[in-house]
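Here is the structure we will look at, set down as structure tokens.
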Amino acid sequence: MHIKYVKSEKIAKFIIKWKLLVSKYDLYFLYPPLTIVYTSPPMSEKMLKFVEIGQQNPPKRDKNSRKEDFKEIYSEFIKGKANEQSSRCSQCGVPFCQVHCPLSNNIPDWLKLTAEGRHEEAYQLSQSTNNMPEVCGRICPQDRLCEGNCVIEQSGHGTVTIGSIEKYITETAWENGWVKPIKVINEINQSIGIIGAGPAGLACGEELRKKGYQVTIYDRYDRSGGLLIYGIPNFKLEKHVVERRIKLLKEGGIQFVNNFEVGKDATLKELNEKHDAILIATGVYKAREVNLPGNDLSNIFPAMEFFDCLE
Ligand code: SF4
């Protein structure tokens, strides 16, 4: 809760009269004595705007520019738009967006903070349950998860554009230097080897490093990120977004060993002897069988085999 102390009764009366700073502070106290002089307006004045404000996504980039670079399709929200679109949320008692989020992200609360222009707090809350909100904001299948189950979508008003807002607050956080590398105060004298630098390996590595462990992540490819780098094309997720996150993990003390294939460059037993524990975070390159007629014909290949050719 944000509290503002004001020393003079005159200022307090002025605030009450003109409702100054109401979006920043929840309570105003007279000091001394500690007397409540004003509380911020009820939530309904800031939120529940879906009745008057229509759903809007960030604009698509012009197709001629997209043809030239194949970079992300959507531009960023401008600041005012992200705040406005967040204010459409109805702050449901049972937020189905959160219920259907695999990470249980605290979506209604960070939407409210964004609507109030409290972007740093919105980012802090969003990253508290998510190791890479800038990635989820871009590539999560929101239409089947949070946005698909949003209560105002179900009632025909068009979902809150949760993914684009998540991307906006995280990009704002990067721009403003609010995304910081891990700081380990007491390093534990134990090391963990993680096999696989995909999203699972990166997220586990970050959590273990936060606890103070020495972490080394091995990957057989020349770049870390797994399918975030080798599977998802730039028009959904540009590579610099993933590389920026990996750089941050390196700054936090995580070691990366690339071009290292377990079974070729070292055996699992050798790695096990080198570290106190091993985490195997691989497997996503295994293609899923499609039960379609003709699946077993010659020259039918799983798409996964082509993914590591992508730039
Ligand atoms: S379900 Fe939709 S309207 Fe309800 S809290 Fe989540 S985002 Fe807001």
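Ordering of the structure tokens sets the chain letters (A, B, ...), residue numbers begin anew at 1 in every chain, and ligands are numbered from 1 in the order given.
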
Residue contacts of A:Lys112 (8 Å, only C-alpha atoms) excluding same-chain residues fewer than 6 positions away, as a PyMOL selection string: chain A and resi 47+86-87+89+91

Write out, as a PDB file, in the first residue's frame, the residues just selected, with C-alpha atoms.
```
ATOM      1  CA  MET A  47     -10.904  -0.445 -13.588  1.00  0.00           C
ATOM      2  CA  SER A  86      -5.390  -2.764 -18.561  1.00  0.00           C
ATOM      3  CA  SER A  87      -8.205  -0.691 -17.105  1.00  0.00           C
ATOM      4  CA  CYS A  89     -10.124  -5.686 -16.543  1.00  0.00           C
ATOM      5  CA  GLN A  91     -10.903  -7.575 -11.344  1.00  0.00           C
TER       6      GLN A  91
END
```

Enumerate residues in contact with ligand 1: an atom-to-atom distance of at most 12 Å, counting only C-alpha atoms and all ligand atoms. Format the result as a PyMOL selection string. chain A and resi 47-51+55+85-101+104-112+115+142+145-163+165-166

What would the file look like if the residues just selected were written as a PDB file, in the first residue's frame with C-alpha atoms?
```
ATOM      1  CA  MET A  47     -10.904  -0.445 -13.588  1.00  0.00           C
ATOM      2  CA  LEU A  48     -13.953  -2.143 -15.177  1.00  0.00           C
ATOM      3  CA  LYS A  49     -13.636   0.091 -18.230  1.00  0.00           C
ATOM      4  CA  PHE A  50     -14.532  -2.735 -20.634  1.00  0.00           C
ATOM      5  CA  VAL A  51     -18.016  -1.271 -20.970  1.00  0.00           C
ATOM      6  CA  GLN A  55     -10.460  -4.115 -27.009  1.00  0.00           C
ATOM      7  CA  GLN A  85      -6.311  -1.510 -22.057  1.00  0.00           C
ATOM      8  CA  SER A  86      -5.390  -2.764 -18.561  1.00  0.00           C
ATOM      9  CA  SER A  87      -8.205  -0.691 -17.105  1.00  0.00           C
ATOM     10  CA  ARG A  88     -10.713  -2.839 -19.034  1.00  0.00           C
ATOM     11  CA  CYS A  89     -10.124  -5.686 -16.543  1.00  0.00           C
ATOM     12  CA  SER A  90     -13.088  -6.334 -14.267  1.00  0.00           C
ATOM     13  CA  GLN A  91     -10.903  -7.575 -11.344  1.00  0.00           C
ATOM     14  CA  CYS A  92     -12.832 -10.808 -11.047  1.00  0.00           C
ATOM     15  CA  GLY A  93     -13.247 -12.435  -7.646  1.00  0.00           C
ATOM     16  CA  VAL A  94     -12.337 -15.741  -9.315  1.00  0.00           C
ATOM     17  CA  PRO A  95      -9.919 -14.647 -12.054  1.00  0.00           C
ATOM     18  CA  PHE A  96     -10.155 -17.301 -14.735  1.00  0.00           C
ATOM     19  CA  CYS A  97      -7.173 -15.728 -16.507  1.00  0.00           C
ATOM     20  CA  GLN A  98      -4.981 -16.701 -13.553  1.00  0.00           C
ATOM     21  CA  VAL A  99      -6.680 -20.060 -13.039  1.00  0.00           C
ATOM     22  CA  HIS A 100      -5.830 -21.036 -16.624  1.00  0.00           C
ATOM     23  CA  CYS A 101      -2.282 -19.693 -16.537  1.00  0.00           C
ATOM     24  CA  SER A 104      -0.586 -18.942 -11.953  1.00  0.00           C
ATOM     25  CA  ASN A 105       0.556 -15.439 -12.852  1.00  0.00           C
ATOM     26  CA  ASN A 106      -1.107 -12.807 -10.710  1.00  0.00           C
ATOM     27  CA  ILE A 107      -2.669 -11.189 -13.764  1.00  0.00           C
ATOM     28  CA  PRO A 108      -5.501  -9.079 -12.232  1.00  0.00           C
ATOM     29  CA  ASP A 109      -3.109  -7.398  -9.799  1.00  0.00           C
ATOM     30  CA  TRP A 110      -0.499  -6.446 -12.383  1.00  0.00           C
ATOM     31  CA  LEU A 111      -3.219  -5.240 -14.720  1.00  0.00           C
ATOM     32  CA  LYS A 112      -4.488  -2.949 -11.959  1.00  0.00           C
ATOM     33  CA  ALA A 115      -3.796   0.839 -15.238  1.00  0.00           C
ATOM     34  CA  GLN A 142      -2.986 -16.740 -24.734  1.00  0.00           C
ATOM     35  CA  LEU A 145      -5.065 -19.849 -21.738  1.00  0.00           C
ATOM     36  CA  CYS A 146      -5.542 -16.505 -19.933  1.00  0.00           C
ATOM     37  CA  GLU A 147      -7.194 -14.505 -22.724  1.00  0.00           C
ATOM     38  CA  GLY A 148      -9.361 -17.390 -23.930  1.00  0.00           C
ATOM     39  CA  ASN A 149     -10.781 -17.774 -20.432  1.00  0.00           C
ATOM     40  CA  CYS A 150     -11.032 -14.099 -19.519  1.00  0.00           C
ATOM     41  CA  VAL A 151     -14.469 -13.409 -18.075  1.00  0.00           C
ATOM     42  CA  ILE A 152     -15.102 -10.376 -20.277  1.00  0.00           C
ATOM     43  CA  GLU A 153     -14.196 -12.447 -23.343  1.00  0.00           C
ATOM     44  CA  GLN A 154     -16.773 -15.022 -22.290  1.00  0.00           C
ATOM     45  CA  SER A 155     -19.381 -12.276 -21.887  1.00  0.00           C
ATOM     46  CA  GLY A 156     -18.763 -11.007 -25.437  1.00  0.00           C
ATOM     47  CA  HIS A 157     -16.794  -7.830 -24.685  1.00  0.00           C
ATOM     48  CA  GLY A 158     -13.461  -9.037 -26.057  1.00  0.00           C
ATOM     49  CA  THR A 159     -10.683 -10.241 -23.786  1.00  0.00           C
ATOM     50  CA  VAL A 160      -8.278  -7.996 -21.928  1.00  0.00           C
ATOM     51  CA  THR A 161      -5.156  -8.052 -24.133  1.00  0.00           C
ATOM     52  CA  ILE A 162      -3.088  -9.666 -21.386  1.00  0.00           C
ATOM     53  CA  GLY A 163      -0.177 -10.901 -23.548  1.00  0.00           C
ATOM     54  CA  ILE A 165       0.330  -5.784 -21.759  1.00  0.00           C
ATOM     55  CA  GLU A 166       2.742  -8.328 -20.247  1.00  0.00           C
TER      56      GLU A 166
END
```

Run DSSP on the backbone of this structure and report the residues of stretch 122-237 of chain A it assigns to strand (DSSP E or B), as a VMD selection string. chain A and resid 191 to 195 214 to 218

Would you compute the distance between atom CA of A:Val262 and atom CA of A:Arg245? Give it in Å to one decimal.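 According to the coordinates, atom CA of A:Val262 and atom CA of A:Arg245 are separated by 24.3 Å.
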
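Across the model, the gap from atom CA of A:Ala82 to atom CA of A:Asn57 is 9.3 Å.
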
Could you give me, as JSON, numbers by chain, each residue of stretch 19-264 of chain A that DSSP assigns to helix (DSSP H, G or I) when run on this structure's backbone? {"A": [43, 44, 45, 46, 49, 50, 51, 63, 64, 65, 66, 67, 68, 69, 79, 80, 81, 82, 83, 84, 85, 86, 96, 97, 98, 99, 107, 108, 109, 110, 111, 112, 113, 114, 115, 119, 120, 121, 122, 123, 124, 125, 126, 127, 133, 134, 135, 136, 137, 138, 139, 151, 152, 153, 154, 162, 163, 164, 165, 166, 167, 168, 169, 170, 171, 172, 173, 174, 175, 199, 200, 201, 202, 203, 204, 205, 206, 207, 208, 209, 210, 227, 228, 229, 230, 239, 240, 241, 242, 243, 244, 245, 246, 247, 248, 249, 250, 251]}

Those residues you just picked out, can you put them in a file as an mmCIF file, in the first residue's frame with C-alpha atoms?
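Produced file part_15.cif, reproduced below:
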```cif
data_model
loop_
_atom_site.group_PDB
_atom_site.id
_atom_site.type_symbol
_atom_site.label_atom_id
_atom_site.label_comp_id
_atom_site.auth_asym_id
_atom_site.auth_seq_id
_atom_site.Cartn_x
_atom_site.Cartn_y
_atom_site.Cartn_z
ATOM 1 C CA MET A 43 -11.350 0.549 -7.662
ATOM 2 C CA SER A 44 -14.313 0.840 -10.020
ATOM 3 C CA GLU A 45 -13.171 4.339 -11.013
ATOM 4 C CA LYS A 46 -9.896 2.983 -12.370
ATOM 5 C CA LYS A 49 -13.636 0.091 -18.230
ATOM 6 C CA PHE A 50 -14.532 -2.735 -20.634
ATOM 7 C CA VAL A 51 -18.016 -1.271 -20.970
ATOM 8 C CA LYS A 63 3.625 -5.543 -44.419
ATOM 9 C CA ASN A 64 6.270 -3.991 -46.690
ATOM 10 C CA SER A 65 8.649 -3.473 -43.766
ATOM 11 C CA ARG A 66 7.848 -6.955 -42.477
ATOM 12 C CA LYS A 67 8.732 -8.444 -45.861
ATOM 13 C CA GLU A 68 12.149 -6.827 -45.614
ATOM 14 C CA ASP A 69 13.166 -8.084 -42.181
ATOM 15 C CA LYS A 79 2.284 3.928 -22.828
ATOM 16 C CA GLY A 80 -1.201 5.368 -22.596
ATOM 17 C CA LYS A 81 -2.679 2.445 -24.527
ATOM 18 C CA ALA A 82 -1.262 -0.204 -22.199
ATOM 19 C CA ASN A 83 -2.687 1.645 -19.189
ATOM 20 C CA GLU A 84 -6.029 2.110 -20.909
ATOM 21 C CA GLN A 85 -6.311 -1.510 -22.057
ATOM 22 C CA SER A 86 -5.390 -2.764 -18.561
ATOM 23 C CA PHE A 96 -10.155 -17.301 -14.735
ATOM 24 C CA CYS A 97 -7.173 -15.728 -16.507
ATOM 25 C CA GLN A 98 -4.981 -16.701 -13.553
ATOM 26 C CA VAL A 99 -6.680 -20.060 -13.039
ATOM 27 C CA ILE A 107 -2.669 -11.189 -13.764
ATOM 28 C CA PRO A 108 -5.501 -9.079 -12.232
ATOM 29 C CA ASP A 109 -3.109 -7.398 -9.799
ATOM 30 C CA TRP A 110 -0.499 -6.446 -12.383
ATOM 31 C CA LEU A 111 -3.219 -5.240 -14.720
ATOM 32 C CA LYS A 112 -4.488 -2.949 -11.959
ATOM 33 C CA LEU A 113 -0.972 -1.623 -11.274
ATOM 34 C CA THR A 114 -0.474 -0.983 -14.997
ATOM 35 C CA ALA A 115 -3.796 0.839 -15.238
ATOM 36 C CA HIS A 119 4.704 -0.018 -14.119
ATOM 37 C CA GLU A 120 7.697 -0.917 -12.006
ATOM 38 C CA GLU A 121 5.501 -2.583 -9.405
ATOM 39 C CA ALA A 122 3.519 -4.285 -12.177
ATOM 40 C CA TYR A 123 6.781 -5.686 -13.560
ATOM 41 C CA GLN A 124 8.012 -6.819 -10.127
ATOM 42 C CA LEU A 125 4.767 -8.687 -9.553
ATOM 43 C CA SER A 126 4.736 -10.240 -12.999
ATOM 44 C CA GLN A 127 8.353 -11.475 -12.754
ATOM 45 C CA PRO A 133 7.679 -12.575 -18.919
ATOM 46 C CA GLU A 134 8.961 -10.885 -22.095
ATOM 47 C CA VAL A 135 8.971 -14.308 -23.785
ATOM 48 C CA CYS A 136 5.554 -15.392 -22.469
ATOM 49 C CA GLY A 137 4.043 -12.061 -23.519
ATOM 50 C CA ARG A 138 5.128 -12.854 -27.087
ATOM 51 C CA ILE A 139 4.690 -16.589 -27.575
ATOM 52 C CA VAL A 151 -14.469 -13.409 -18.075
ATOM 53 C CA ILE A 152 -15.102 -10.376 -20.277
ATOM 54 C CA GLU A 153 -14.196 -12.447 -23.343
ATOM 55 C CA GLN A 154 -16.773 -15.022 -22.290
ATOM 56 C CA ILE A 162 -3.088 -9.666 -21.386
ATOM 57 C CA GLY A 163 -0.177 -10.901 -23.548
ATOM 58 C CA SER A 164 0.516 -7.523 -25.146
ATOM 59 C CA ILE A 165 0.330 -5.784 -21.759
ATOM 60 C CA GLU A 166 2.742 -8.328 -20.247
ATOM 61 C CA LYS A 167 5.141 -7.674 -23.147
ATOM 62 C CA TYR A 168 4.740 -3.921 -22.667
ATOM 63 C CA ILE A 169 5.490 -3.868 -18.942
ATOM 64 C CA THR A 170 8.503 -6.161 -19.331
ATOM 65 C CA GLU A 171 9.968 -4.154 -22.209
ATOM 66 C CA THR A 172 9.426 -0.989 -20.139
ATOM 67 C CA ALA A 173 11.285 -2.686 -17.284
ATOM 68 C CA TRP A 174 14.259 -3.526 -19.541
ATOM 69 C CA GLU A 175 14.337 0.023 -20.918
ATOM 70 C CA PRO A 199 13.512 -22.484 -21.258
ATOM 71 C CA ALA A 200 13.263 -25.245 -18.611
ATOM 72 C CA GLY A 201 17.037 -25.342 -18.076
ATOM 73 C CA LEU A 202 17.287 -21.538 -17.972
ATOM 74 C CA ALA A 203 14.416 -21.143 -15.494
ATOM 75 C CA CYS A 204 15.729 -23.904 -13.186
ATOM 76 C CA GLY A 205 19.239 -22.457 -13.429
ATOM 77 C CA GLU A 206 17.970 -19.037 -12.393
ATOM 78 C CA GLU A 207 16.020 -20.373 -9.422
ATOM 79 C CA LEU A 208 18.963 -22.487 -8.208
ATOM 80 C CA ARG A 209 21.364 -19.567 -8.612
ATOM 81 C CA LYS A 210 19.022 -17.323 -6.598
ATOM 82 C CA LEU A 227 13.636 -23.870 -29.162
ATOM 83 C CA LEU A 228 13.359 -20.192 -28.234
ATOM 84 C CA ILE A 229 16.365 -19.724 -30.542
ATOM 85 C CA TYR A 230 16.158 -22.675 -32.921
ATOM 86 C CA LYS A 239 16.525 -13.622 -31.023
ATOM 87 C CA HIS A 240 17.920 -10.570 -29.242
ATOM 88 C CA VAL A 241 15.113 -10.942 -26.662
ATOM 89 C CA VAL A 242 16.406 -14.378 -25.661
ATOM 90 C CA GLU A 243 20.071 -13.374 -25.884
ATOM 91 C CA ARG A 244 19.430 -10.399 -23.591
ATOM 92 C CA ARG A 245 17.991 -12.725 -20.946
ATOM 93 C CA ILE A 246 20.924 -15.160 -21.237
ATOM 94 C CA LYS A 247 23.398 -12.293 -20.873
ATOM 95 C CA LEU A 248 21.628 -11.329 -17.644
ATOM 96 C CA LEU A 249 21.908 -14.891 -16.318
ATOM 97 C CA LYS A 250 25.631 -14.857 -17.132
ATOM 98 C CA GLU A 251 25.992 -11.579 -15.239
#
```

Tell me which of A:Leu297, A:Thr216, A:Asn234, A:Gly198 sits closest to A:Tyr285, counting only C-alpha atoms. A:Gly198

Please report the interatomic distance between atom CA of A:Val184 and atom CA of A:Ile254 in Å with one decimal. 10.9 Å
